[in-house]
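> target_25.csv is the file, holding CSV, C-alpha atoms:
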```csv
chain,number,residue,atom,x,y,z
A,1325,MET,CA,119.9,105.2,140.1
A,1326,PRO,CA,121.2,108.2,138.0
A,1327,ASN,CA,119.0,111.2,138.1
A,1328,ILE,CA,117.5,112.6,134.9
A,1329,ASP,CA,116.2,116.1,135.3
A,1330,PHE,CA,113.2,116.5,133.0
A,1331,LYS,CA,113.7,120.2,132.6
A,1332,THR,CA,117.3,119.8,131.6
A,1333,ALA,CA,116.4,117.0,129.3
A,1334,SER,CA,113.7,119.1,127.6
A,1335,LEU,CA,116.2,121.9,127.1
A,1336,ILE,CA,118.7,119.5,125.5
A,1337,LEU,CA,116.1,118.1,123.2
A,1338,GLU,CA,115.0,121.6,122.1
A,1339,ARG,CA,118.6,122.6,121.5
A,1340,ALA,CA,119.2,119.4,119.5
A,1341,TRP,CA,116.2,120.3,117.4
A,1342,VAL,CA,117.5,123.8,116.7
A,1343,GLU,CA,121.0,122.4,115.9
A,1344,ALA,CA,119.8,119.4,114.1
A,1345,LYS,CA,122.4,118.1,111.7
A,1346,GLU,CA,122.8,115.1,109.4
A,1347,TYR,CA,125.9,113.0,109.9
A,1348,ASN,CA,127.3,110.4,107.6
A,1349,ASP,CA,128.8,107.4,109.4
A,1350,PRO,CA,127.7,103.9,110.3
A,1351,ILE,CA,126.0,104.8,113.6
A,1352,ALA,CA,124.1,107.7,111.9
A,1353,ASP,CA,123.0,105.4,109.1
A,1354,LEU,CA,121.7,102.9,111.7
A,1355,ILE,CA,119.8,105.7,113.4
A,1356,THR,CA,118.2,106.8,110.1
A,1357,LYS,CA,117.3,103.2,109.4
A,1358,VAL,CA,115.5,102.7,112.8
A,1359,LEU,CA,113.7,106.0,112.7
A,1360,ASN,CA,112.4,105.3,109.1
A,1361,GLY,CA,111.5,101.7,110.1
A,1362,THR,CA,108.1,100.3,110.8
A,1363,HIS,CA,108.6,99.5,114.5
A,1364,LYS,CA,107.2,102.5,116.4
A,1365,THR,CA,108.2,101.5,119.9
A,1366,TYR,CA,111.9,101.1,119.0
A,1367,ARG,CA,111.9,104.6,117.6
A,1368,TYR,CA,110.8,106.0,120.9
A,1369,ILE,CA,113.3,103.7,122.8
A,1370,LEU,CA,116.2,104.9,120.6
A,1371,VAL,CA,115.5,108.7,121.0
A,1372,THR,CA,114.9,108.3,124.7
A,1373,GLY,CA,118.2,106.5,125.1
A,1374,LEU,CA,120.1,109.1,123.2
A,1375,LEU,CA,118.5,111.9,125.2
A,1376,ALA,CA,119.2,110.2,128.5
A,1377,LYS,CA,122.8,109.7,127.7
A,1378,ALA,CA,123.1,113.3,126.4
A,1379,THR,CA,121.6,114.5,129.7
A,1380,ASN,CA,123.4,112.4,132.1
A,1381,GLU,CA,126.6,110.5,131.0
A,1382,SER,CA,126.3,108.0,133.9
A,1383,VAL,CA,123.1,106.4,132.6
A,1384,ASN,CA,123.0,103.0,131.0
A,1385,ALA,CA,121.3,103.9,127.7
A,1386,LEU,CA,120.1,100.2,127.4
A,1387,SER,CA,118.1,100.5,130.5
A,1388,LEU,CA,114.3,100.6,130.1
A,1389,GLN,CA,112.9,100.3,133.6
A,1390,LYS,CA,114.0,101.7,136.9
A,1391,GLY,CA,114.0,98.2,138.3
A,1392,ASP,CA,117.0,97.3,136.1
A,1393,GLY,CA,119.7,96.0,138.4
A,1394,THR,CA,122.7,97.1,136.3
A,1395,ASN,CA,124.8,100.2,137.0
A,1396,GLY,CA,123.5,103.3,135.4
A,1397,LYS,CA,119.8,102.2,135.6
A,1398,TYR,CA,117.3,105.0,135.0
A,1399,ASP,CA,113.5,105.3,134.5
A,1400,ALA,CA,113.4,105.5,130.7
A,1401,ARG,CA,109.6,105.3,130.6
A,1402,SER,CA,109.1,108.5,132.7
A,1403,LEU,CA,111.7,110.3,130.5
A,1404,CYS,CA,109.9,109.3,127.3
A,1405,HIS,CA,106.4,110.0,128.5
A,1406,ASN,CA,107.2,113.3,130.2
A,1407,VAL,CA,109.7,114.8,127.7
A,1408,VAL,CA,109.9,113.0,124.4
A,1409,VAL,CA,106.2,112.5,123.8
A,1410,PRO,CA,105.2,116.1,124.7
A,1411,PHE,CA,108.0,117.3,122.4
A,1412,GLU,CA,106.7,115.3,119.5
A,1413,THR,CA,103.1,116.5,120.1
A,1414,MET,CA,104.0,120.1,120.3
A,1415,LYS,CA,106.9,120.5,117.9
A,1416,LEU,CA,107.3,117.6,115.4
A,1417,GLN,CA,103.9,115.8,115.2
A,1418,GLY,CA,104.2,112.4,113.7
A,1419,CYS,CA,108.0,112.2,113.7
A,1420,LEU,CA,108.0,109.0,115.9
A,1421,GLY,CA,104.5,107.7,115.6
A,1422,ASN,CA,102.1,109.9,117.7
A,1423,SER,CA,102.0,107.4,120.6
A,1424,ASN,CA,100.9,108.8,124.0
A,1425,GLU,CA,102.5,106.1,126.1
A,1426,PRO,CA,104.9,104.1,123.9
A,1427,PHE,CA,106.7,102.5,126.8
A,1428,LEU,CA,103.5,100.6,127.7
A,1429,ASN,CA,104.1,98.4,124.6
A,1430,LYS,CA,105.7,95.0,125.0
A,1431,PRO,CA,109.2,95.8,123.6
A,1432,ALA,CA,109.6,98.5,126.3
A,1433,ARG,CA,108.4,96.4,129.2
A,1434,PHE,CA,111.7,94.6,129.7
A,1435,VAL,CA,114.2,95.9,132.3
A,1436,MET,CA,116.8,96.6,129.6
A,1437,LEU,CA,117.5,96.1,126.0
A,1438,SER,CA,118.9,92.7,125.2
A,1439,LEU,CA,119.0,90.3,122.3
A,1440,ASP,CA,117.3,87.8,124.7
A,1441,ASN,CA,114.2,89.9,124.8
A,1442,ALA,CA,111.1,88.2,123.3
A,1443,VAL,CA,110.6,89.7,119.9
A,1444,ARG,CA,109.4,88.4,116.5
A,1445,ARG,CA,112.2,87.1,114.3
A,1446,GLY,CA,113.0,88.9,111.2
A,1447,LYS,CA,112.7,92.7,110.9
A,1448,ASP,CA,111.7,93.3,114.5
A,1449,TYR,CA,114.6,91.3,115.8
A,1450,GLN,CA,117.0,93.2,113.5
A,1451,THR,CA,115.6,96.5,114.7
A,1452,LEU,CA,116.2,95.5,118.3
A,1453,SER,CA,119.8,94.5,117.4
A,1454,ASP,CA,120.3,97.9,115.6
A,1455,VAL,CA,119.1,99.9,118.6
A,1456,ILE,CA,121.3,97.9,120.9
A,1457,ASP,CA,124.3,98.5,118.6
A,1458,ILE,CA,123.7,102.2,118.5
A,1459,LEU,CA,123.2,102.7,122.2
A,1460,SER,CA,126.1,100.4,123.2
A,1461,THR,CA,128.5,102.3,120.9
A,1462,ILE,CA,127.8,105.7,122.4
A,1463,THR,CA,129.6,105.9,125.7
A,1464,ASP,CA,129.7,109.7,126.5
A,1465,SER,CA,127.3,112.6,126.5
A,1466,GLN,CA,129.1,114.5,123.8
A,1467,ASN,CA,128.6,111.7,121.3
A,1468,ALA,CA,125.1,111.1,122.5
A,1469,TYR,CA,124.3,114.7,121.8
A,1470,ARG,CA,125.9,114.5,118.4
A,1471,TYR,CA,123.7,111.6,117.4
A,1472,LEU,CA,120.7,113.1,119.0
A,1473,LYS,CA,121.1,116.0,116.6
A,1474,HIS,CA,121.3,113.5,113.7
A,1475,ALA,CA,118.2,111.8,115.0
A,1476,LEU,CA,116.4,115.2,115.1
A,1477,SER,CA,117.4,115.9,111.5
A,1478,VAL,CA,115.7,112.7,110.5
A,1479,MET,CA,112.7,113.4,112.7
A,1480,VAL,CA,112.2,116.8,111.1
A,1481,THR,CA,112.1,115.2,107.6
A,1482,ILE,CA,109.6,112.6,108.8
A,1483,HIS,CA,107.5,115.3,110.4
A,1484,GLU,CA,107.4,117.3,107.1
A,1485,SER,CA,106.3,114.2,105.2
A,1486,TYR,CA,103.6,113.6,107.8
A,1487,ILE,CA,102.3,117.1,107.5
A,1488,ALA,CA,102.3,116.9,103.7
A,1489,LYS,CA,100.5,113.6,103.8
A,1490,TYR,CA,97.4,115.1,105.6
A,1491,SER,CA,97.3,118.4,103.6
A,1492,VAL,CA,96.3,119.5,100.2
A,1493,GLY,CA,98.5,122.0,98.3
A,1494,ASP,CA,97.0,125.5,97.8
A,1495,SER,CA,97.1,125.0,94.0
A,1496,LEU,CA,95.3,121.7,93.9
A,1497,ILE,CA,91.7,122.6,94.3
A,1498,ASP,CA,89.4,125.6,93.7
A,1499,VAL,CA,87.8,127.4,96.6
A,1500,SER,CA,84.5,128.2,94.8
A,1501,GLU,CA,81.5,128.2,97.2
A,1502,PHE,CA,79.4,125.9,95.1
A,1503,ALA,CA,77.6,123.1,97.1
A,1504,GLN,CA,77.2,121.1,93.9
A,1505,LEU,CA,81.0,120.7,93.7
A,1506,VAL,CA,81.1,119.1,97.1
A,1507,LEU,CA,78.3,116.7,96.2
A,1508,ASP,CA,80.1,115.9,93.0
A,1509,TYR,CA,83.2,115.1,95.1
A,1510,ILE,CA,81.2,112.9,97.4
A,1511,TYR,CA,79.7,111.0,94.4
A,1512,LYS,CA,83.2,110.2,93.2
A,1513,ILE,CA,84.9,109.4,96.5
A,1514,THR,CA,82.1,107.1,97.7
A,1515,GLU,CA,82.6,104.9,94.6
A,1516,HIS,CA,85.5,103.6,96.6
A,1517,SER,CA,85.4,101.9,99.9
A,1518,PHE,CA,89.0,101.3,101.0
A,1519,GLU,CA,87.9,98.7,103.5
A,1520,GLY,CA,85.0,100.8,104.7
A,1521,GLU,CA,87.0,103.9,105.6
A,1522,ILE,CA,85.6,106.4,103.1
A,1523,CYS,CA,82.0,106.7,104.1
A,1524,PRO,CA,82.6,107.3,107.9
A,1525,LEU,CA,85.1,110.0,107.0
A,1526,VAL,CA,82.5,111.7,104.7
A,1527,VAL,CA,79.8,111.5,107.4
A,1528,ALA,CA,82.2,112.7,110.2
A,1529,GLN,CA,83.1,115.8,108.2
A,1530,LEU,CA,79.6,116.7,107.1
A,1531,GLU,CA,78.4,116.3,110.7
A,1532,GLN,CA,81.2,118.6,112.0
A,1533,MET,CA,80.4,121.2,109.4
A,1534,TYR,CA,76.7,121.0,110.1
A,1535,LEU,CA,76.9,121.1,113.9
A,1536,GLY,CA,79.7,123.6,114.1
A,1537,LYS,CA,82.3,124.4,116.8
A,1538,ASP,CA,79.9,123.8,119.7
A,1539,TYR,CA,80.0,120.1,119.1
A,1540,ARG,CA,82.9,117.6,118.9
A,1541,VAL,CA,82.6,114.8,116.3
A,1542,GLU,CA,84.7,111.7,116.9
A,1543,ALA,CA,85.2,109.1,114.2
A,1544,HIS,CA,86.5,105.7,115.2
A,1545,LYS,CA,88.7,103.4,113.3
A,1546,VAL,CA,86.7,101.2,111.0
A,1547,ASN,CA,85.5,97.9,112.6
A,1548,GLN,CA,86.6,99.1,116.0
A,1549,SER,CA,83.6,101.0,117.3
A,1550,GLY,CA,82.8,99.7,120.8
A,1551,SER,CA,86.3,98.5,121.4
A,1552,SER,CA,86.6,101.2,124.0
A,1553,SER,CA,83.9,101.7,126.7
A,1554,LYS,CA,83.7,105.3,125.4
A,1555,GLU,CA,82.9,104.4,121.8
A,1556,ILE,CA,79.2,103.8,120.9
A,1557,GLY,CA,78.9,104.2,117.1
A,1558,ASP,CA,81.3,104.5,114.2
A,1559,ILE,CA,80.8,108.2,114.8
A,1560,ASP,CA,80.0,109.8,118.2
A,1561,VAL,CA,79.0,113.4,118.8
A,1562,TYR,CA,79.5,115.3,122.1
A,1563,ASP,CA,78.4,118.7,123.2
A,1564,ASN,CA,80.6,121.3,125.0
A,1565,ALA,CA,79.8,119.6,128.3
A,1566,ASN,CA,81.2,116.4,126.9
A,1567,ASN,CA,77.8,114.7,126.9
A,1568,LEU,CA,77.1,112.2,124.2
A,1569,VAL,CA,74.3,113.6,122.1
A,1570,LYS,CA,74.4,111.5,118.9
A,1571,ALA,CA,75.8,108.2,117.6
A,1572,ILE,CA,75.9,107.1,114.0
A,1573,GLU,CA,76.6,103.7,112.5
A,1574,VAL,CA,78.1,103.7,109.0
A,1575,LYS,CA,78.2,100.5,106.9
A,1576,ASP,CA,79.9,100.3,103.5
A,1577,LYS,CA,79.3,96.6,103.1
A,1578,ASN,CA,76.3,94.4,103.0
A,1579,PHE,CA,74.5,94.2,106.4
A,1580,SER,CA,71.8,92.2,108.0
A,1581,GLU,CA,68.8,92.8,110.3
A,1582,GLN,CA,71.0,91.6,113.2
A,1583,ASP,CA,73.7,94.2,112.4
A,1584,VAL,CA,71.0,97.0,112.7
A,1585,VAL,CA,69.7,95.5,116.0
A,1586,HIS,CA,73.2,95.2,117.4
A,1587,ALA,CA,73.9,98.9,116.6
A,1588,ILE,CA,70.7,100.1,118.1
A,1589,ASP,CA,71.3,98.0,121.2
A,1590,LYS,CA,74.5,100.0,121.7
A,1591,PHE,CA,72.7,103.3,121.2
A,1592,ARG,CA,69.9,102.4,123.6
A,1593,ALA,CA,72.5,101.3,126.2
A,1594,ALA,CA,74.0,104.8,125.9
A,1595,HIS,CA,70.5,106.2,126.7
A,1596,LEU,CA,70.0,107.7,123.2
A,1597,THR,CA,66.5,107.9,121.9
A,1598,SER,CA,67.4,108.4,118.3
A,1599,SER,CA,70.3,107.5,116.0
A,1600,MET,CA,71.3,107.2,112.3
A,1601,PHE,CA,72.3,104.2,110.3
A,1602,ILE,CA,74.0,105.2,107.1
A,1603,TYR,CA,74.9,102.8,104.3
A,1604,GLY,CA,77.2,103.0,101.2
A,1605,LYS,CA,76.3,103.2,97.6
A,1606,ASN,CA,76.8,99.6,96.7
A,1607,VAL,CA,75.4,98.0,99.8
A,1608,VAL,CA,72.7,95.2,99.7
A,1609,TYR,CA,70.3,94.6,102.5
A,1610,ASP,CA,66.8,93.1,103.1
A,1611,LYS,CA,64.7,96.3,103.0
A,1612,ASP,CA,61.4,94.7,104.1
A,1613,ALA,CA,62.9,92.9,107.1
A,1614,ILE,CA,64.9,95.8,108.3
A,1615,PHE,CA,62.2,98.4,107.9
A,1616,HIS,CA,59.8,96.1,109.9
A,1617,THR,CA,62.5,95.8,112.6
A,1618,LEU,CA,63.0,99.6,112.7
A,1619,LYS,CA,59.3,100.1,113.0
A,1620,SER,CA,59.0,97.8,116.0
A,1621,ILE,CA,62.0,99.4,117.7
A,1622,GLY,CA,60.7,102.9,117.0
A,1623,ARG,CA,57.4,102.0,118.8
A,1624,GLU,CA,59.5,100.9,121.8
A,1625,GLY,CA,60.9,104.5,122.0
A,1626,HIS,CA,64.1,104.5,119.9
A,1627,TYR,CA,63.9,106.1,116.4
A,1628,CYS,CA,66.7,105.1,114.0
A,1629,CYS,CA,67.0,106.9,110.6
A,1630,LEU,CA,68.2,104.4,108.0
A,1631,ILE,CA,69.6,106.5,105.1
A,1632,SER,CA,72.0,106.1,102.1
A,1633,ILE,CA,75.2,108.0,102.1
A,1634,LEU,CA,74.2,110.1,99.1
A,1635,ASN,CA,70.8,111.1,100.5
A,1636,TYR,CA,72.4,111.9,103.8
A,1637,ALA,CA,75.0,114.1,102.1
A,1638,LYS,CA,72.4,115.9,100.1
A,1639,LEU,CA,70.4,116.6,103.3
A,1640,ARG,CA,73.5,118.0,105.2
A,1641,ILE,CA,74.8,120.0,102.3
A,1642,SER,CA,71.4,121.7,101.8
A,1643,ASP,CA,71.7,123.0,105.4
A,1644,LEU,CA,75.1,124.5,105.0
A,1645,LYS,CA,75.2,128.2,103.9
A,1646,ILE,CA,78.9,128.1,102.8
A,1647,ILE,CA,80.8,125.0,101.8
A,1648,THR,CA,83.8,124.6,99.5
A,1649,VAL,CA,85.6,121.5,98.2
A,1650,ARG,CA,88.8,122.7,99.9
A,1651,GLN,CA,87.1,123.1,103.3
A,1652,PHE,CA,85.5,119.7,102.9
A,1653,VAL,CA,88.7,117.9,101.8
A,1654,ASP,CA,90.8,119.5,104.5
A,1655,GLY,CA,88.3,118.2,107.1
A,1656,LEU,CA,88.4,114.7,105.6
A,1657,LEU,CA,92.1,114.7,106.0
A,1658,VAL,CA,91.8,115.8,109.7
A,1659,PHE,CA,89.5,112.8,110.4
A,1660,ALA,CA,91.7,110.5,108.3
A,1661,LYS,CA,94.6,111.4,110.6
A,1662,ALA,CA,92.4,110.8,113.7
A,1663,ILE,CA,91.5,107.3,112.6
A,1664,ASN,CA,95.0,106.5,111.2
A,1665,ALA,CA,93.5,105.9,107.8
A,1666,LYS,CA,95.3,103.8,105.3
A,1667,ASP,CA,97.6,105.4,102.8
A,1668,ASP,CA,95.4,104.4,99.9
A,1669,THR,CA,92.4,106.2,101.5
A,1670,ILE,CA,94.4,109.4,102.0
A,1671,SER,CA,95.8,109.3,98.4
A,1672,ALA,CA,92.2,108.9,97.0
A,1673,ILE,CA,90.9,111.8,99.1
A,1674,LYS,CA,93.6,114.1,97.6
A,1675,GLU,CA,93.6,112.7,94.0
A,1676,ILE,CA,89.8,112.9,93.6
A,1677,ALA,CA,89.9,116.6,94.7
A,1678,LYS,CA,92.2,117.3,91.7
A,1679,GLN,CA,89.7,115.6,89.4
A,1680,ILE,CA,86.7,117.8,90.4
A,1681,PHE,CA,88.0,120.7,88.3
```
Produce structure tokens that represent the structure in this file.

Amino acid sequence: MPNIDFKTASLILERAWVEAKEYNDPIADLITKVLNGTHKTYRYILVTGLLAKATNESVNALSLQKGDGTNGKYDARSLCHNVVVPFETMKLQGCLGNSNEPFLNKPARFVMLSLDNAVRRGKDYQTLSDVIDILSTITDSQNAYRYLKHALSVMVTIHESYIAKYSVGDSLIDVSEFAQLVLDYIYKITEHSFEGEICPLVVAQLEQMYLGKDYRVEAHKVNQSGSSSKEIGDIDVYDNANNLVKAIEVKDKNFSEQDVVHAIDKFRAAHLTSSMFIYGKNVVYDKDAIFHTLKSIGREGHYCCLISILNYAKLRISDLKIITVRQFVDGLLVFAKAINAKDDTISAIKEIAKQIF
């Protein structure tokens, strides 16, 4: 099995970044197409194959697993996870998709790239075919490095777009320290739901600003809280010792007594004696039934504060000495990135910031 020295590969990848150059030929065009495509795993496979061939000419760039029986087999997964992924994280965040372990995904679990690999017909199959065409055409390290430089030029452009997506231009919004402006913003932004993404983002940012740097606020992708054993509520709060100290459920759709009980059951299982259940502006629920349930649960030792998003926002804002719209929106975008929020959500966050002034 050909050896790939990770240190050498890292240096080659760094140099290709410095020397990044766009080329115009059929192979370069295919590379651009794949890197700008929707299939994240094949983006990682392509760049890993180019880097492997540029580092060691004897590798078979179509190889995915060290168990591949063909000549030139190499451990593509280790190269990707030890070199490509850290490079993206440190240098060009978002350029390939921000995956920590992309070779654990199904397209990378075959021993080598082949048109016989199980893949959905249509765009996914075409992307597989394109990657195979690219890596099969490049037979020496010199050409591999040439096209690696082209790939880096595309990745730089994608990275710049990614950074711009989650940032607000300096000229867009005022920095006045008026709490009312933040509340005005929250009134406007919470008129929208975007499949329930807005309210959790607002709550996460207000909690982080209220609690400060001694606490870590984690927002989870909407409708996926509890999908991991580490997730309790829609928003979880940890102290510096990584102890869970608070969990918050956020609903921006109609909810039932059973929804509240289910959330509190999770909180109690995590040994929390108090929690918050925050609901959106246009939500309908049975107040009498839910208040009766909360009263009963409270007498059993768990207090849950049921509160509207606007009343919660007013409460938190009143406790903050300094708060600006810019600071608040920047934080919303940080959490939007963390939960991989939809493009419509991100656009609304930025657009409404412009409307405040």
> Do you have the CA of Ala1385 (chain A)-CA of Val1371 (chain A) distance handy?
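These two atoms are separated by 10.1 Å.
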> May I ask for the distance between CA of Lys1638 (chain A) and CA of Glu1675 (chain A), given in Å to one decimal place?
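Answer for the CA of Lys1638 (chain A) to CA of Glu1675 (chain A) separation: 22.3 Å.
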> Point out the residue among A:Val1526, A:Cys1419, A:Leu1568, A:Ala1543 with the least atom-to-atom distance to Glu1484 (chain A), counting all atoms listed in the file.
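Nearest candidate to Glu1484 (chain A) out of A:Val1526, A:Cys1419, A:Leu1568, A:Ala1543: A:Cys1419.
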> Neighbouring residues of Asp1353 (chain A) were defined as those with any atom within 12 Å, considering all atoms listed in the file; residues of the same chain fewer than 3 positions away were excluded. Please report them as a list in words.
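Counting only the stated atoms, we get Glu1346, Tyr1347, Asn1348, Asp1349, Pro1350, Thr1356, Lys1357, Val1358, Leu1359, Asn1360, Asp1454, Val1455, Asp1457, Ile1458, Tyr1471, His1474, Ala1475 and Val1478 of chain A.
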> Name the closest residue to Lys1661 (chain A) among the candidates A:Glu1521, A:Asp1448, A:Asp1508, A:Glu1515; distances are taken between atoms, counting all atoms listed in the file.
A:Glu1521
> Do a neighbour search on Leu1618 (chain A) at 9 Å with all atoms listed in the file, toss out local chain neighbours closer than 6 positions, and write the hits as JSON, numbers by chain.
{"A": [1584, 1585, 1626, 1627, 1628, 1629, 1630]}
> Which value, in Å to one decimal, gives the distance between CA of Asp1563 (chain A) and CA of Ala1594 (chain A)?
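So the answer is 14.8 Å.
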> Please write as a list in words the list of polymer residues whose atoms come within 9 Å of (114.0, 116.0, 114.5), counting all atoms listed in the file and keeping to the coordinates of the file.
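Answer for this query, in the requested form: Ala1340, Trp1341, Val1342, Ala1344, Glu1412, Leu1416, Cys1419, Leu1472, Lys1473, His1474, Ala1475, Leu1476, Ser1477, Val1478, Met1479, Val1480, Thr1481, Ile1482 and His1483 of chain A.
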> Compile the contact shell of Leu1644 (chain A) as a list in words: residues with an atom at most 10 Å away, counting all atoms listed in the file, same-chain residues fewer than 2 positions apart removed.
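What passes the distance filter is Ala1503, Leu1530, Met1533, Tyr1534, Leu1535, Leu1639, Arg1640, Ile1641, Ser1642, Ile1646 and Ile1647 of chain A.
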> Need to verify the contact set: Ala1660 (chain A), 12 Å, only C-alpha atoms, exclusion of same-chain residues closer than 3 positions in sequence. Can you return it as a ChimeraX atom specification?
/A:1489-1491,1521-1529,1542-1546,1653-1657,1663-1674
> Fewer than 5 positions away in the same chain doesn't count, so skip those; otherwise give me all residues within 6 Å of region 1436-1444 of chain A, counting all atoms listed in the file, as a PDB file with C-alpha atoms, in the coordinates of the input.

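Final file, selection_4.pdb:
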```
ATOM      1  CA  LEU A1386     120.100 100.200 127.400  1.00  0.00           C
ATOM      2  CA  SER A1387     118.100 100.500 130.500  1.00  0.00           C
ATOM      3  CA  LEU A1388     114.300 100.600 130.100  1.00  0.00           C
ATOM      4  CA  TYR A1449     114.600  91.300 115.800  1.00  0.00           C
TER       5      TYR A1449
END
```
> Find the residue from A:Tyr1366, A:Phe1652, A:Tyr1603, A:Phe1411 that sits nearest to Ser1453 (chain A); use only C-alpha atoms when measuring.
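So, comparing all the options, the nearest one is A:Tyr1366.
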> Using all atoms listed in the file, pick whichever of A:Asn1578, A:Ser1465, A:Thr1379, A:Thr1362 has the shortest atom-to-atom distance to Asp1329 (chain A).
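Checking each candidate against Asp1329 (chain A), we get A:Thr1379 as the closest.
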> Please list, as a list of chain:residue names, the residues that have an atom at most 8 Å away from (76.6, 100.8, 100.1) in the coordinates of this file, counting all atoms listed in the file.
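Every residue inside that radius is included here: A:Lys1575, A:Asp1576, A:Lys1577, A:Asn1578, A:Tyr1603, A:Gly1604, A:Lys1605, A:Asn1606, A:Val1607, A:Val1608, A:Ser1632, A:Ile1633.
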> Find the residue from A:Ala1352, A:Val1649, A:Leu1337, A:Ile1631 that sits nearest to Val1408 (chain A); use only C-alpha atoms when measuring.
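Checking each candidate against Val1408 (chain A), we get A:Leu1337 as the closest.
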> Quick one: of A:Thr1332, A:Asn1380, A:Asn1429, A:Asn1327, who's nearest to Asp1399 (chain A), counting only C-alpha atoms?
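Going through A:Thr1332, A:Asn1380, A:Asn1429, A:Asn1327 one by one, the smallest distance to Asp1399 (chain A) is for A:Asn1327.
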> Quick one: region 1419-1466 of chain A from the block, C-alpha atoms, as a PDB file, in the first residue's frame.

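Listed below is the output, part30.pdb:
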```
ATOM      1  CA  CYS A1419     -15.372  25.415   1.582  1.00  0.00           C
ATOM      2  CA  LEU A1420     -16.323  21.737   1.384  1.00  0.00           C
ATOM      3  CA  GLY A1421     -19.212  21.443   3.826  1.00  0.00           C
ATOM      4  CA  ASN A1422     -17.850  21.542   7.402  1.00  0.00           C
ATOM      5  CA  SER A1423     -18.063  17.790   7.919  1.00  0.00           C
ATOM      6  CA  ASN A1424     -15.895  16.333  10.694  1.00  0.00           C
ATOM      7  CA  GLU A1425     -15.844  12.785   9.311  1.00  0.00           C
ATOM      8  CA  PRO A1426     -17.097  12.839   5.701  1.00  0.00           C
ATOM      9  CA  PHE A1427     -15.675   9.414   4.859  1.00  0.00           C
ATOM     10  CA  LEU A1428     -18.139   7.816   7.274  1.00  0.00           C
ATOM     11  CA  ASN A1429     -20.933   8.694   4.840  1.00  0.00           C
ATOM     12  CA  LYS A1430     -22.188   5.939   2.541  1.00  0.00           C
ATOM     13  CA  PRO A1431     -20.592   7.146  -0.758  1.00  0.00           C
ATOM     14  CA  ALA A1432     -17.127   6.854   0.832  1.00  0.00           C
ATOM     15  CA  ARG A1433     -17.641   3.404   2.344  1.00  0.00           C
ATOM     16  CA  PHE A1434     -16.881   1.484  -0.845  1.00  0.00           C
ATOM     17  CA  VAL A1435     -13.365   0.163  -1.426  1.00  0.00           C
ATOM     18  CA  MET A1436     -12.975   2.355  -4.493  1.00  0.00           C
ATOM     19  CA  LEU A1437     -14.871   4.705  -6.751  1.00  0.00           C
ATOM     20  CA  SER A1438     -16.856   2.831  -9.388  1.00  0.00           C
ATOM     21  CA  LEU A1439     -19.970   3.399 -11.440  1.00  0.00           C
ATOM     22  CA  ASP A1440     -21.206   0.168  -9.887  1.00  0.00           C
ATOM     23  CA  ASN A1441     -21.346   1.812  -6.444  1.00  0.00           C
ATOM     24  CA  ALA A1442     -24.867   2.113  -5.045  1.00  0.00           C
ATOM     25  CA  VAL A1443     -25.966   5.722  -5.509  1.00  0.00           C
ATOM     26  CA  ARG A1444     -29.216   7.491  -6.305  1.00  0.00           C
ATOM     27  CA  ARG A1445     -29.823   7.946 -10.009  1.00  0.00           C
ATOM     28  CA  GLY A1446     -29.800  11.444 -11.432  1.00  0.00           C
ATOM     29  CA  LYS A1447     -27.579  14.179 -10.008  1.00  0.00           C
ATOM     30  CA  ASP A1448     -25.809  11.947  -7.463  1.00  0.00           C
ATOM     31  CA  TYR A1449     -24.889   9.357 -10.090  1.00  0.00           C
ATOM     32  CA  GLN A1450     -23.679  12.111 -12.430  1.00  0.00           C
ATOM     33  CA  THR A1451     -21.491  13.565  -9.670  1.00  0.00           C
ATOM     34  CA  LEU A1452     -19.965  10.144  -9.025  1.00  0.00           C
ATOM     35  CA  SER A1453     -19.276   9.816 -12.755  1.00  0.00           C
ATOM     36  CA  ASP A1454     -17.686  13.280 -12.859  1.00  0.00           C
ATOM     37  CA  VAL A1455     -15.372  12.518  -9.913  1.00  0.00           C
ATOM     38  CA  ILE A1456     -14.308   9.237 -11.540  1.00  0.00           C
ATOM     39  CA  ASP A1457     -13.626  11.034 -14.851  1.00  0.00           C
ATOM     40  CA  ILE A1458     -11.493  13.645 -13.101  1.00  0.00           C
ATOM     41  CA  LEU A1459      -9.398  11.290 -11.006  1.00  0.00           C
ATOM     42  CA  SER A1460      -9.006   8.734 -13.813  1.00  0.00           C
ATOM     43  CA  THR A1461      -7.659  11.371 -16.186  1.00  0.00           C
ATOM     44  CA  ILE A1462      -4.943  12.621 -13.803  1.00  0.00           C
ATOM     45  CA  THR A1463      -2.099  10.118 -13.941  1.00  0.00           C
ATOM     46  CA  ASP A1464       0.880  11.975 -12.433  1.00  0.00           C
ATOM     47  CA  SER A1465       1.673  14.198  -9.460  1.00  0.00           C
ATOM     48  CA  GLN A1466       2.384  17.269 -11.559  1.00  0.00           C
TER      49      GLN A1466
END
```
